[in-house]
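With mmCIF, C-alpha atoms (C1' of nucleotides) inside, this is run_17.cif:
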data_work
#
loop_
_atom_site.label_atom_id
_atom_site.label_comp_id
_atom_site.auth_asym_id
_atom_site.auth_seq_id
_atom_site.Cartn_x
_atom_site.Cartn_y
_atom_site.Cartn_z
CA MET A 1 4.82 -23.61 -20.95
CA LYS A 2 1.51 -22.63 -19.43
CA ILE A 3 0.98 -20.27 -16.60
CA GLY A 4 0.56 -22.89 -13.94
CA GLU A 5 3.94 -24.42 -14.61
CA LEU A 6 5.63 -21.04 -14.77
CA ALA A 7 4.08 -20.14 -11.45
CA ARG A 8 5.26 -23.38 -9.93
CA ARG A 9 8.78 -23.07 -11.29
CA THR A 10 9.26 -19.45 -10.24
CA GLY A 11 7.30 -19.42 -7.05
CA VAL A 12 5.35 -16.43 -8.31
CA SER A 13 1.57 -16.57 -8.23
CA GLU A 14 -0.45 -16.78 -11.41
CA ARG A 15 -2.09 -13.57 -10.38
CA SER A 16 1.26 -11.80 -10.37
CA LEU A 17 2.30 -13.28 -13.69
CA ARG A 18 -0.85 -11.88 -15.31
CA TYR A 19 -0.16 -8.58 -13.64
CA TYR A 20 3.35 -8.55 -15.06
CA GLU A 21 1.93 -9.04 -18.52
CA GLN A 22 -0.53 -6.22 -17.98
CA GLN A 23 2.35 -3.97 -16.98
CA GLY A 24 4.30 -4.89 -20.08
CA LEU A 25 6.97 -6.81 -18.22
CA LEU A 26 6.33 -10.28 -19.52
CA ALA A 27 4.98 -11.18 -22.93
CA ALA A 28 3.29 -14.45 -23.72
CA ASP A 29 2.03 -16.13 -26.84
CA ARG A 30 -1.49 -17.35 -26.80
CA SER A 31 -2.90 -20.73 -27.66
CA PRO A 32 -5.73 -20.80 -30.21
CA GLY A 33 -8.08 -20.85 -27.26
CA GLY A 34 -6.48 -17.81 -25.66
CA GLN A 35 -4.34 -19.40 -22.97
CA ARG A 36 -0.90 -18.01 -22.29
CA ASP A 37 2.08 -19.91 -23.64
CA TYR A 38 5.45 -18.89 -22.22
CA PRO A 39 8.85 -19.61 -23.69
CA GLU A 40 11.45 -21.32 -21.53
CA ARG A 41 13.26 -18.01 -21.01
CA ALA A 42 10.28 -16.63 -19.15
CA VAL A 43 11.53 -18.41 -16.05
CA ASP A 44 14.69 -16.33 -15.90
CA ARG A 45 12.80 -13.23 -16.81
CA VAL A 46 10.34 -13.62 -13.99
CA ILE A 47 13.21 -14.15 -11.60
CA HIS A 48 14.82 -10.97 -12.87
CA ILE A 49 11.55 -9.13 -12.40
CA GLN A 50 11.30 -10.36 -8.86
CA GLU A 51 14.83 -9.23 -8.12
CA LEU A 52 14.03 -5.77 -9.32
CA PHE A 53 10.79 -5.63 -7.37
CA ALA A 54 12.71 -6.74 -4.31
CA ALA A 55 15.07 -3.84 -4.88
CA GLY A 56 12.14 -1.50 -4.54
CA LEU A 57 11.71 -0.57 -8.18
CA ASN A 58 8.22 -0.17 -9.49
CA SER A 59 6.87 -1.81 -12.60
CA ARG A 60 7.30 1.26 -14.78
CA LYS A 61 11.01 1.40 -14.05
CA ILE A 62 11.38 -2.32 -14.45
CA ALA A 63 9.72 -2.12 -17.84
CA GLU A 64 12.39 0.37 -18.87
CA ILE A 65 15.24 -1.72 -17.61
CA LEU A 66 14.32 -5.14 -18.88
CA PRO A 67 15.09 -4.51 -22.55
CA CYS A 68 18.56 -3.37 -21.52
CA MET A 69 19.38 -6.48 -19.55
CA ARG A 70 21.45 -9.32 -20.75
CA ASP A 71 19.26 -12.36 -20.79
CA ALA A 72 19.75 -16.03 -21.51
CA ASP A 73 20.04 -15.37 -25.24
CA GLY A 74 23.02 -13.09 -24.90
CA GLY A 75 23.37 -9.35 -25.16
CA PRO A 76 20.73 -6.78 -24.35
CA SER A 77 18.28 -6.02 -27.08
CA GLU A 78 18.44 -2.31 -26.36
CA LYS A 79 21.00 0.05 -25.00
CA ALA A 80 20.09 2.17 -22.05
CA THR A 81 19.43 5.80 -22.83
CA PRO A 82 21.39 8.44 -20.93
CA LYS A 83 18.29 9.33 -18.97
CA LEU A 84 17.74 5.71 -18.01
CA VAL A 85 21.35 5.42 -16.94
CA ALA A 86 20.88 8.45 -14.74
CA ASP A 87 17.74 6.94 -13.25
CA LEU A 88 19.43 3.63 -12.65
CA THR A 89 22.37 5.32 -11.03
CA ALA A 90 19.96 7.08 -8.71
CA GLU A 91 18.32 3.76 -7.94
CA ARG A 92 21.67 2.21 -7.24
CA ASP A 93 22.46 5.01 -4.84
CA ARG A 94 19.11 4.49 -3.20
CA ILE A 95 19.89 0.82 -2.76
CA ASP A 96 23.24 1.69 -1.26
CA ARG A 97 21.51 3.97 1.17
CA MET A 98 18.97 1.32 1.96
CA MET A 99 21.66 -1.23 2.64
CA ARG A 100 23.37 1.13 5.03
CA ASP A 101 20.07 1.78 6.78
CA LEU A 102 19.38 -1.90 7.02
CA ALA A 103 22.79 -2.55 8.48
CA ASN A 104 22.02 0.06 11.07
CA SER A 105 18.62 -1.38 11.82
CA ARG A 106 20.12 -4.79 12.09
CA ALA A 107 22.54 -3.51 14.68
CA VAL A 108 19.65 -2.01 16.61
CA LEU A 109 17.81 -5.31 16.64
CA ASP A 110 20.96 -7.12 17.52
CA GLU A 111 21.50 -4.93 20.50
CA VAL A 112 18.03 -5.65 21.83
CA ILE A 113 18.47 -9.36 21.27
CA THR A 114 21.87 -9.43 22.91
CA ALA A 115 20.68 -7.41 25.87
CA ALA A 116 17.80 -9.81 26.41
CA VAL A 117 19.84 -12.96 26.12
CA GLN A 118 22.72 -11.71 28.21
CA PRO A 119 21.29 -9.19 30.66
CA ARG A 120 23.40 -6.66 32.45
CA PRO A 121 24.75 -7.96 35.77
CA MET B 122 8.80 20.97 22.42
CA LYS B 123 5.78 21.24 20.18
CA ILE B 124 4.99 19.07 17.24
CA GLY B 125 6.20 21.49 14.61
CA GLU B 126 9.67 21.66 16.05
CA LEU B 127 9.86 17.91 16.49
CA ALA B 128 8.81 17.47 12.89
CA ARG B 129 11.44 19.91 11.75
CA ARG B 130 14.20 18.38 13.83
CA THR B 131 13.47 14.80 12.82
CA GLY B 132 12.37 15.34 9.27
CA VAL B 133 9.19 13.39 9.99
CA SER B 134 5.86 14.94 9.08
CA GLU B 135 3.46 16.10 11.76
CA ARG B 136 0.96 13.69 10.32
CA SER B 137 3.30 10.80 10.98
CA LEU B 138 4.10 11.94 14.49
CA ARG B 139 0.41 11.96 15.36
CA TYR B 140 0.10 8.55 13.78
CA TYR B 141 2.96 7.26 15.93
CA GLU B 142 1.14 8.46 19.00
CA GLN B 143 -2.03 6.76 17.88
CA GLN B 144 -0.09 3.52 17.46
CA GLY B 145 1.36 3.81 20.93
CA LEU B 146 4.89 4.45 19.75
CA LEU B 147 5.36 7.97 20.97
CA ALA B 148 3.79 9.52 24.04
CA ALA B 149 3.35 13.26 24.53
CA ASP B 150 2.20 15.46 27.35
CA ARG B 151 -0.49 17.94 26.57
CA SER B 152 -0.62 21.65 27.19
CA PRO B 153 -3.68 22.95 29.06
CA GLY B 154 -5.13 23.71 25.66
CA GLY B 155 -4.54 20.21 24.37
CA GLN B 156 -1.44 20.71 22.28
CA ARG B 157 1.26 18.05 22.33
CA ASP B 158 4.37 18.74 24.34
CA TYR B 159 7.30 16.44 23.64
CA PRO B 160 10.33 15.89 25.85
CA GLU B 161 13.77 16.33 24.39
CA ARG B 162 14.24 12.57 24.17
CA ALA B 163 11.43 12.33 21.68
CA VAL B 164 13.89 13.31 18.96
CA ASP B 165 15.97 10.18 19.44
CA ARG B 166 12.89 8.10 19.86
CA VAL B 167 11.43 9.24 16.56
CA ILE B 168 14.72 8.50 14.87
CA HIS B 169 14.67 5.02 16.35
CA ILE B 170 11.14 4.54 15.14
CA GLN B 171 12.12 5.56 11.67
CA GLU B 172 15.03 3.16 11.67
CA LEU B 173 12.73 0.32 12.56
CA PHE B 174 10.19 1.33 9.95
CA ALA B 175 12.98 1.47 7.41
CA ALA B 176 13.88 -2.07 8.38
CA GLY B 177 10.42 -3.16 7.36
CA LEU B 178 8.92 -3.67 10.81
CA ASN B 179 5.34 -2.66 11.32
CA SER B 180 4.09 -0.47 14.09
CA ARG B 181 2.88 -3.36 16.24
CA LYS B 182 6.31 -4.92 16.30
CA ILE B 183 7.96 -1.58 16.88
CA ALA B 184 5.67 -0.97 19.83
CA GLU B 185 6.91 -4.22 21.34
CA ILE B 186 10.54 -3.44 20.78
CA LEU B 187 10.73 0.14 21.93
CA PRO B 188 10.43 -0.53 25.67
CA CYS B 189 13.34 -2.94 25.36
CA MET B 190 15.64 -0.47 23.69
CA ARG B 191 18.34 1.44 25.39
CA ASP B 192 17.50 5.08 25.05
CA ALA B 193 19.16 8.32 26.02
CA ASP B 194 18.37 7.76 29.68
CA GLY B 195 20.30 4.56 29.90
CA GLY B 196 19.16 0.97 30.11
CA PRO B 197 15.97 -0.47 28.67
CA SER B 198 12.89 -0.12 30.80
CA GLU B 199 11.79 -3.64 29.98
CA LYS B 200 13.49 -6.84 29.11
CA ALA B 201 12.50 -8.62 25.95
CA THR B 202 10.38 -11.71 26.45
CA PRO B 203 11.55 -14.98 24.94
CA LYS B 204 8.84 -14.73 22.32
CA LEU B 205 9.91 -11.23 21.39
CA VAL B 206 13.50 -12.37 21.14
CA ALA B 207 12.42 -15.11 18.79
CA ASP B 208 10.47 -12.61 16.71
CA LEU B 209 13.37 -10.21 16.61
CA THR B 210 15.74 -12.94 15.60
CA ALA B 211 13.41 -13.81 12.76
CA GLU B 212 13.33 -10.14 11.77
CA ARG B 213 17.08 -10.00 11.86
CA ASP B 214 17.26 -13.01 9.60
CA ARG B 215 14.79 -11.36 7.29
CA ILE B 216 16.96 -8.27 7.17
CA ASP B 217 19.99 -10.38 6.39
CA ARG B 218 18.10 -11.97 3.55
CA MET B 219 16.96 -8.59 2.33
CA MET B 220 20.50 -7.26 2.36
CA ARG B 221 21.68 -10.19 0.29
CA ASP B 222 18.83 -9.62 -2.15
CA LEU B 223 19.65 -5.95 -2.37
CA ALA B 224 23.29 -6.70 -3.04
CA ASN B 225 22.17 -8.94 -5.85
CA SER B 226 19.80 -6.34 -7.24
CA ARG B 227 22.51 -3.77 -7.03
CA ALA B 228 24.76 -5.96 -9.12
CA VAL B 229 22.00 -6.33 -11.68
CA LEU B 230 21.59 -2.57 -11.96
CA ASP B 231 25.31 -2.12 -12.05
CA GLU B 232 25.61 -4.46 -14.95
CA VAL B 233 23.05 -2.55 -16.97
CA ILE B 234 24.73 0.74 -16.15
CA THR B 235 28.16 -0.53 -17.02
CA ALA B 236 26.95 -2.07 -20.26
CA ALA B 237 25.39 1.21 -21.28
CA VAL B 238 28.37 3.36 -20.43
CA GLN B 239 30.94 1.04 -21.92
CA PRO B 240 29.24 -0.89 -24.72
CA ARG B 241 30.65 -4.06 -26.11
CA PRO B 242 33.01 -3.52 -29.07
"C1'" DG C 243 -18.15 -36.86 -25.95
"C1'" DT C 244 -17.51 -35.90 -21.35
"C1'" DA C 245 -15.72 -34.93 -16.75
"C1'" DG C 246 -12.56 -32.50 -14.27
"C1'" DA C 247 -8.54 -29.73 -14.03
"C1'" DA C 248 -6.61 -25.57 -15.63
"C1'" DT C 249 -7.08 -21.05 -17.48
"C1'" DC C 250 -9.39 -16.72 -18.71
"C1'" DT C 251 -11.26 -11.88 -17.51
"C1'" DG C 252 -12.89 -8.54 -14.45
"C1'" DA C 253 -13.80 -6.77 -10.22
"C1'" DC C 254 -13.12 -5.79 -5.46
"C1'" DA C 255 -10.24 -6.08 -1.12
"C1'" DT C 256 -6.02 -5.48 1.48
"C1'" DC C 257 -2.08 -3.45 3.95
"C1'" DA C 258 0.05 0.48 6.38
"C1'" DG C 259 2.08 4.49 6.40
"C1'" DT C 260 1.51 8.92 4.66
"C1'" DG C 261 -0.64 13.15 2.15
"C1'" DT C 262 -4.20 16.35 2.31
"C1'" DC C 263 -8.19 19.01 3.37
"C1'" DA C 264 -11.85 21.17 6.27
"C1'" DG C 265 -13.30 23.31 10.20
"C1'" DC C 266 -12.23 24.59 14.59
"C1'" DT C 267 -9.17 25.92 18.70
"C1'" DT C 268 -5.03 27.51 20.91
"C1'" DC C 269 -0.89 30.10 21.29
"C1'" DA C 270 2.12 34.06 21.08
"C1'" DA C 271 3.50 38.57 19.55
"C1'" DG C 272 2.10 43.21 18.71
"C1'" DC D 273 -7.71 42.72 22.18
"C1'" DT D 274 -6.37 41.29 17.78
"C1'" DT D 275 -4.36 38.77 14.37
"C1'" DG D 276 -1.85 35.34 12.16
"C1'" DA D 277 0.72 31.23 12.82
"C1'" DA D 278 0.51 26.75 14.64
"C1'" DG D 279 -2.04 22.87 16.42
"C1'" DC D 280 -6.13 19.68 16.88
"C1'" DT D 281 -9.46 15.99 15.19
"C1'" DG D 282 -11.55 13.33 11.80
"C1'" DA D 283 -12.14 11.80 7.42
"C1'" DC D 284 -10.89 10.34 2.86
"C1'" DA D 285 -7.36 9.13 -0.83
"C1'" DC D 286 -3.49 6.90 -2.43
"C1'" DT D 287 -0.01 3.71 -3.60
"C1'" DG D 288 0.90 -0.80 -5.94
"C1'" DA D 289 1.69 -5.42 -5.81
"C1'" DT D 290 -0.98 -9.23 -4.53
"C1'" DG D 291 -5.09 -12.20 -2.70
"C1'" DT D 292 -9.46 -13.81 -3.80
"C1'" DC D 293 -13.78 -14.82 -5.87
"C1'" DA D 294 -17.27 -15.53 -9.61
"C1'" DG D 295 -18.57 -17.05 -13.80
"C1'" DA D 296 -17.25 -18.44 -18.28
"C1'" DT D 297 -14.06 -20.96 -21.40
"C1'" DT D 298 -10.42 -24.17 -22.77
"C1'" DC D 299 -7.64 -28.07 -22.40
"C1'" DT D 300 -6.66 -32.95 -21.47
"C1'" DA D 301 -7.36 -37.61 -20.36
"C1'" DC D 302 -10.49 -41.18 -20.45
#

Written as structure tokens, how would this file's structure read?
Amino acid sequence: MKIGELARRTGVSERSLRYYEQQGLLAADRSPGGQRDYPERAVDRVIHIQELFAAGLNSRKIAEILPCMRDADGGPSEKATPKLVADLTAERDRIDRMMRDLANSRAVLDEVITAAVQPRP
Amino acid sequence: MKIGELARRTGVSERSLRYYEQQGLLAADRSPGGQRDYPERAVDRVIHIQELFAAGLNSRKIAEILPCMRDADGGPSEKATPKLVADLTAERDRIDRMMRDLANSRAVLDEVITAAVQPRP
DNA sequence: GTAGAATCTGACATCAGTGTCAGCTTCAAG
DNA sequence: CTTGAAGCTGACACTGATGTCAGATTCTAC
């Protein structure tokens, strides 16, 4: 599959897909003329990458995690090192914190919205 | 209270406090010599600002919301306009989406961690 | 073979909050 | 008064994923 189709199917821009390759997150074969040729699994991989970006991880960390993830083909190709596990645990804690903060922020917004819709008598 | 104390009490850098003022988020009196003098309520206000930043709102939006928030003194000084309510509702939806995404990302991390700690037989 | 769509590389811009530094002024304690 | 800590302004850097553009090349359908 060429880059245009992958972009269309994942909703990720071609620019970003090339960036992912540059960061070592997403490999691609090349046609004789040099154009990228992605395997079918790239779709899931890109989606995984986006999930991790959405979680606030940077590309370096994502590059470490990806080989340890179970993908469409089955088990992970690498096992996480103790250090990576520690890092990931820290990230998970950070996400937990972020979710609590977001819940709080949501409540703040909600209060403003409610107050505006149903003003004090 | 001067800027150093406010920074210490809120955990926000002096640089950021000055930036908040520049963005119209945080007013301060000035001493005869020109130094900022914050009221006690500024502490809560800064915390509110941080909450909203953490929720992904930018300073423009925060500037719109702040006057509509209930602060230490009681009721909001302004009522949210219909447009602001619509904006805030959209933000709230965005936060909801983000929380779902984070929950998903958390599960992804958790899977990697679990797989590493307790490998398949 | 040729036209047009798709892809390539490389470079520069953006956003927005924050860090940091320089040079100067003000404040407070002795 | 003096001295050192704290504050002020203004400027520049950074981060890091993504947008965008230019100019060249490749692919695909006719």

Least-squares superposed chain B, target chain A, every Cα, as a PDB file with C-alpha atoms, in the frame of the given file:
ATOM      1  CA  MET B 122       4.833 -23.653 -20.818  1.00  0.00           C
ATOM      2  CA  LYS B 123       1.526 -22.674 -19.296  1.00  0.00           C
ATOM      3  CA  ILE B 124       0.995 -20.256 -16.496  1.00  0.00           C
ATOM      4  CA  GLY B 125       0.599 -22.850 -13.785  1.00  0.00           C
ATOM      5  CA  GLU B 126       3.972 -24.376 -14.450  1.00  0.00           C
ATOM      6  CA  LEU B 127       5.653 -20.996 -14.660  1.00  0.00           C
ATOM      7  CA  ALA B 128       4.092 -20.054 -11.354  1.00  0.00           C
ATOM      8  CA  ARG B 129       5.291 -23.262  -9.791  1.00  0.00           C
ATOM      9  CA  ARG B 130       8.805 -22.971 -11.152  1.00  0.00           C
ATOM     10  CA  THR B 131       9.279 -19.345 -10.154  1.00  0.00           C
ATOM     11  CA  GLY B 132       7.314 -19.292  -6.954  1.00  0.00           C
ATOM     12  CA  VAL B 133       5.343 -16.313  -8.249  1.00  0.00           C
ATOM     13  CA  SER B 134       1.563 -16.452  -8.153  1.00  0.00           C
ATOM     14  CA  GLU B 135      -0.453 -16.719 -11.339  1.00  0.00           C
ATOM     15  CA  ARG B 136      -2.107 -13.489 -10.358  1.00  0.00           C
ATOM     16  CA  SER B 137       1.233 -11.727 -10.360  1.00  0.00           C
ATOM     17  CA  LEU B 138       2.286 -13.219 -13.666  1.00  0.00           C
ATOM     18  CA  ARG B 139      -0.854 -11.875 -15.310  1.00  0.00           C
ATOM     19  CA  TYR B 140      -0.190  -8.543 -13.673  1.00  0.00           C
ATOM     20  CA  TYR B 141       3.338  -8.514 -15.093  1.00  0.00           C
ATOM     21  CA  GLU B 142       1.914  -9.054 -18.536  1.00  0.00           C
ATOM     22  CA  GLN B 143      -0.541  -6.239 -18.046  1.00  0.00           C
ATOM     23  CA  GLN B 144       2.336  -3.960 -17.064  1.00  0.00           C
ATOM     24  CA  GLY B 145       4.286  -4.910 -20.150  1.00  0.00           C
ATOM     25  CA  LEU B 146       6.966  -6.793 -18.269  1.00  0.00           C
ATOM     26  CA  LEU B 147       6.326 -10.273 -19.525  1.00  0.00           C
ATOM     27  CA  ALA B 148       4.995 -11.230 -22.932  1.00  0.00           C
ATOM     28  CA  ALA B 149       3.294 -14.542 -23.683  1.00  0.00           C
ATOM     29  CA  ASP B 150       2.042 -16.249 -26.786  1.00  0.00           C
ATOM     30  CA  ARG B 151      -1.485 -17.495 -26.723  1.00  0.00           C
ATOM     31  CA  SER B 152      -2.867 -20.901 -27.532  1.00  0.00           C
ATOM     32  CA  PRO B 153      -5.706 -21.018 -30.077  1.00  0.00           C
ATOM     33  CA  GLY B 154      -8.037 -21.041 -27.110  1.00  0.00           C
ATOM     34  CA  GLY B 155      -6.465 -17.978 -25.558  1.00  0.00           C
ATOM     35  CA  GLN B 156      -4.318 -19.533 -22.875  1.00  0.00           C
ATOM     36  CA  ARG B 157      -0.872 -18.096 -22.215  1.00  0.00           C
ATOM     37  CA  ASP B 158       2.104 -19.988 -23.539  1.00  0.00           C
ATOM     38  CA  TYR B 159       5.457 -18.943 -22.115  1.00  0.00           C
ATOM     39  CA  PRO B 160       8.873 -19.666 -23.591  1.00  0.00           C
ATOM     40  CA  GLU B 161      11.486 -21.318 -21.447  1.00  0.00           C
ATOM     41  CA  ARG B 162      13.280 -18.010 -20.952  1.00  0.00           C
ATOM     42  CA  ALA B 163      10.300 -16.629 -19.118  1.00  0.00           C
ATOM     43  CA  VAL B 164      11.554 -18.362 -15.981  1.00  0.00           C
ATOM     44  CA  ASP B 165      14.712 -16.272 -15.852  1.00  0.00           C
ATOM     45  CA  ARG B 166      12.815 -13.199 -16.826  1.00  0.00           C
ATOM     46  CA  VAL B 167      10.353 -13.575 -13.977  1.00  0.00           C
ATOM     47  CA  ILE B 168      13.227 -14.070 -11.584  1.00  0.00           C
ATOM     48  CA  HIS B 169      14.817 -10.889 -12.873  1.00  0.00           C
ATOM     49  CA  ILE B 170      11.557  -9.063 -12.430  1.00  0.00           C
ATOM     50  CA  GLN B 171      11.300 -10.244  -8.883  1.00  0.00           C
ATOM     51  CA  GLU B 172      14.826  -9.126  -8.142  1.00  0.00           C
ATOM     52  CA  LEU B 173      14.020  -5.663  -9.370  1.00  0.00           C
ATOM     53  CA  PHE B 174      10.785  -5.536  -7.420  1.00  0.00           C
ATOM     54  CA  ALA B 175      12.692  -6.623  -4.348  1.00  0.00           C
ATOM     55  CA  ALA B 176      15.049  -3.727  -4.932  1.00  0.00           C
ATOM     56  CA  GLY B 177      12.124  -1.371  -4.630  1.00  0.00           C
ATOM     57  CA  LEU B 178      11.715  -0.464  -8.294  1.00  0.00           C
ATOM     58  CA  ASN B 179       8.222  -0.063  -9.611  1.00  0.00           C
ATOM     59  CA  SER B 180       6.872  -1.722 -12.686  1.00  0.00           C
ATOM     60  CA  ARG B 181       7.341   1.326 -14.906  1.00  0.00           C
ATOM     61  CA  LYS B 182      11.030   1.469 -14.152  1.00  0.00           C
ATOM     62  CA  ILE B 183      11.381  -2.267 -14.521  1.00  0.00           C
ATOM     63  CA  ALA B 184       9.731  -2.078 -17.921  1.00  0.00           C
ATOM     64  CA  GLU B 185      12.401   0.401 -18.972  1.00  0.00           C
ATOM     65  CA  ILE B 186      15.253  -1.673 -17.680  1.00  0.00           C
ATOM     66  CA  LEU B 187      14.323  -5.100 -18.932  1.00  0.00           C
ATOM     67  CA  PRO B 188      15.119  -4.510 -22.612  1.00  0.00           C
ATOM     68  CA  CYS B 189      18.580  -3.370 -21.568  1.00  0.00           C
ATOM     69  CA  MET B 190      19.356  -6.461 -19.561  1.00  0.00           C
ATOM     70  CA  ARG B 191      21.436  -9.314 -20.729  1.00  0.00           C
ATOM     71  CA  ASP B 192      19.232 -12.350 -20.751  1.00  0.00           C
ATOM     72  CA  ALA B 193      19.715 -16.012 -21.494  1.00  0.00           C
ATOM     73  CA  ASP B 194      20.010 -15.335 -25.207  1.00  0.00           C
ATOM     74  CA  GLY B 195      23.003 -13.115 -24.854  1.00  0.00           C
ATOM     75  CA  GLY B 196      23.377  -9.371 -25.133  1.00  0.00           C
ATOM     76  CA  PRO B 197      20.735  -6.777 -24.347  1.00  0.00           C
ATOM     77  CA  SER B 198      18.293  -6.017 -27.105  1.00  0.00           C
ATOM     78  CA  GLU B 199      18.453  -2.314 -26.375  1.00  0.00           C
ATOM     79  CA  LYS B 200      21.002   0.036 -25.007  1.00  0.00           C
ATOM     80  CA  ALA B 201      20.096   2.178 -22.054  1.00  0.00           C
ATOM     81  CA  THR B 202      19.462   5.819 -22.851  1.00  0.00           C
ATOM     82  CA  PRO B 203      21.420   8.458 -20.971  1.00  0.00           C
ATOM     83  CA  LYS B 204      18.317   9.353 -19.011  1.00  0.00           C
ATOM     84  CA  LEU B 205      17.758   5.747 -18.040  1.00  0.00           C
ATOM     85  CA  VAL B 206      21.365   5.453 -16.968  1.00  0.00           C
ATOM     86  CA  ALA B 207      20.916   8.486 -14.778  1.00  0.00           C
ATOM     87  CA  ASP B 208      17.766   6.991 -13.289  1.00  0.00           C
ATOM     88  CA  LEU B 209      19.449   3.678 -12.681  1.00  0.00           C
ATOM     89  CA  THR B 210      22.393   5.345 -11.055  1.00  0.00           C
ATOM     90  CA  ALA B 211      20.007   7.140  -8.746  1.00  0.00           C
ATOM     91  CA  GLU B 212      18.335   3.814  -7.972  1.00  0.00           C
ATOM     92  CA  ARG B 213      21.678   2.263  -7.259  1.00  0.00           C
ATOM     93  CA  ASP B 214      22.484   5.065  -4.872  1.00  0.00           C
ATOM     94  CA  ARG B 215      19.136   4.562  -3.230  1.00  0.00           C
ATOM     95  CA  ILE B 216      19.898   0.888  -2.793  1.00  0.00           C
ATOM     96  CA  ASP B 217      23.252   1.723  -1.278  1.00  0.00           C
ATOM     97  CA  ARG B 218      21.533   4.018   1.160  1.00  0.00           C
ATOM     98  CA  MET B 219      18.967   1.370   1.943  1.00  0.00           C
ATOM     99  CA  MET B 220      21.658  -1.201   2.614  1.00  0.00           C
ATOM    100  CA  ARG B 221      23.376   1.142   5.026  1.00  0.00           C
ATOM    101  CA  ASP B 222      20.065   1.787   6.765  1.00  0.00           C
ATOM    102  CA  LEU B 223      19.371  -1.909   6.981  1.00  0.00           C
ATOM    103  CA  ALA B 224      22.785  -2.567   8.455  1.00  0.00           C
ATOM    104  CA  ASN B 225      22.012   0.037  11.061  1.00  0.00           C
ATOM    105  CA  SER B 226      18.595  -1.418  11.782  1.00  0.00           C
ATOM    106  CA  ARG B 227      20.111  -4.828  12.039  1.00  0.00           C
ATOM    107  CA  ALA B 228      22.508  -3.574  14.666  1.00  0.00           C
ATOM    108  CA  VAL B 229      19.607  -2.089  16.586  1.00  0.00           C
ATOM    109  CA  LEU B 230      17.758  -5.401  16.592  1.00  0.00           C
ATOM    110  CA  ASP B 231      20.918  -7.221  17.460  1.00  0.00           C
ATOM    111  CA  GLU B 232      21.441  -5.059  20.464  1.00  0.00           C
ATOM    112  CA  VAL B 233      17.977  -5.779  21.792  1.00  0.00           C
ATOM    113  CA  ILE B 234      18.426  -9.489  21.198  1.00  0.00           C
ATOM    114  CA  THR B 235      21.804  -9.579  22.846  1.00  0.00           C
ATOM    115  CA  ALA B 236      20.592  -7.572  25.818  1.00  0.00           C
ATOM    116  CA  ALA B 237      17.728  -9.976  26.321  1.00  0.00           C
ATOM    117  CA  VAL B 238      19.784 -13.125  26.032  1.00  0.00           C
ATOM    118  CA  GLN B 239      22.649 -11.894  28.149  1.00  0.00           C
ATOM    119  CA  PRO B 240      21.239  -9.359  30.606  1.00  0.00           C
ATOM    120  CA  ARG B 241      23.402  -6.907  32.416  1.00  0.00           C
ATOM    121  CA  PRO B 242      24.680  -8.185  35.786  1.00  0.00           C
TER     122      PRO B 242
END

Could you state the separation of atom CA of Ile62 of chain A and atom CA of Glu91 of chain A in Å, given to one decimal place?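 A separation of 11.3 Å between them.
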
Within 8 Å of chain C, which residues of chain B are there when counting all atoms listed in the file? Please give them as a PyMOL selection string. chain B and resi 136-137+154+156+179

Give me, as a PyMOL selection string, the residues of chain D touching chain A, with the criterion being at most 12 Å (counting all atoms listed in the file). chain D and resi 287-292+297-299

Can you check which residues of chain A have any atom within 7 Å of chain B? Use all atoms listed in the file and format it as a count of residues only. 19

In Å, with one decimal, what is the gap from atom CA of Arg139 of chain B to atom C1' of DC284 of chain D? 16.9 Å

Contacts of Ala148 of chain B at 10 Å (only C-alpha atoms (C1' of nucleotides); same-chain gap of 2+ positions) as an MDAnalysis selection string: chainID B and resid 138:139 141:146 150:151 157:160 163

Atoms added to segment 218-226 of chain B (N, CA and C atoms), reported as a PDB file, in the frame of the given file:
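The resulting file, out_31.pdb, is shown below:
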ATOM      1  N   ARG B 218      18.519 -11.494   4.873  1.00  0.00           N
ATOM      2  CA  ARG B 218      18.100 -11.970   3.550  1.00  0.00           C
ATOM      3  C   ARG B 218      17.896 -10.787   2.611  1.00  0.00           C
ATOM      4  N   MET B 219      17.245  -9.762   3.165  1.00  0.00           N
ATOM      5  CA  MET B 219      16.960  -8.590   2.330  1.00  0.00           C
ATOM      6  C   MET B 219      18.254  -7.932   1.869  1.00  0.00           C
ATOM      7  N   MET B 220      19.234  -7.884   2.742  1.00  0.00           N
ATOM      8  CA  MET B 220      20.500  -7.260   2.360  1.00  0.00           C
ATOM      9  C   MET B 220      21.188  -8.071   1.260  1.00  0.00           C
ATOM     10  N   ARG B 221      21.104  -9.377   1.365  1.00  0.00           N
ATOM     11  CA  ARG B 221      21.680 -10.190   0.290  1.00  0.00           C
ATOM     12  C   ARG B 221      20.942  -9.936  -1.018  1.00  0.00           C
ATOM     13  N   ASP B 222      19.615  -9.876  -0.944  1.00  0.00           N
ATOM     14  CA  ASP B 222      18.830  -9.620  -2.150  1.00  0.00           C
ATOM     15  C   ASP B 222      19.179  -8.261  -2.747  1.00  0.00           C
ATOM     16  N   LEU B 223      19.330  -7.286  -1.875  1.00  0.00           N
ATOM     17  CA  LEU B 223      19.650  -5.950  -2.370  1.00  0.00           C
ATOM     18  C   LEU B 223      21.020  -5.938  -3.037  1.00  0.00           C
ATOM     19  N   ALA B 224      21.959  -6.649  -2.440  1.00  0.00           N
ATOM     20  CA  ALA B 224      23.290  -6.700  -3.040  1.00  0.00           C
ATOM     21  C   ALA B 224      23.192  -7.302  -4.436  1.00  0.00           C
ATOM     22  N   ASN B 225      22.362  -8.310  -4.546  1.00  0.00           N
ATOM     23  CA  ASN B 225      22.170  -8.940  -5.850  1.00  0.00           C
ATOM     24  C   ASN B 225      21.519  -7.970  -6.836  1.00  0.00           C
ATOM     25  N   SER B 226      20.482  -7.289  -6.373  1.00  0.00           N
ATOM     26  CA  SER B 226      19.800  -6.340  -7.240  1.00  0.00           C
ATOM     27  C   SER B 226      20.745  -5.220  -7.656  1.00  0.00           C
TER      28      SER B 226
END
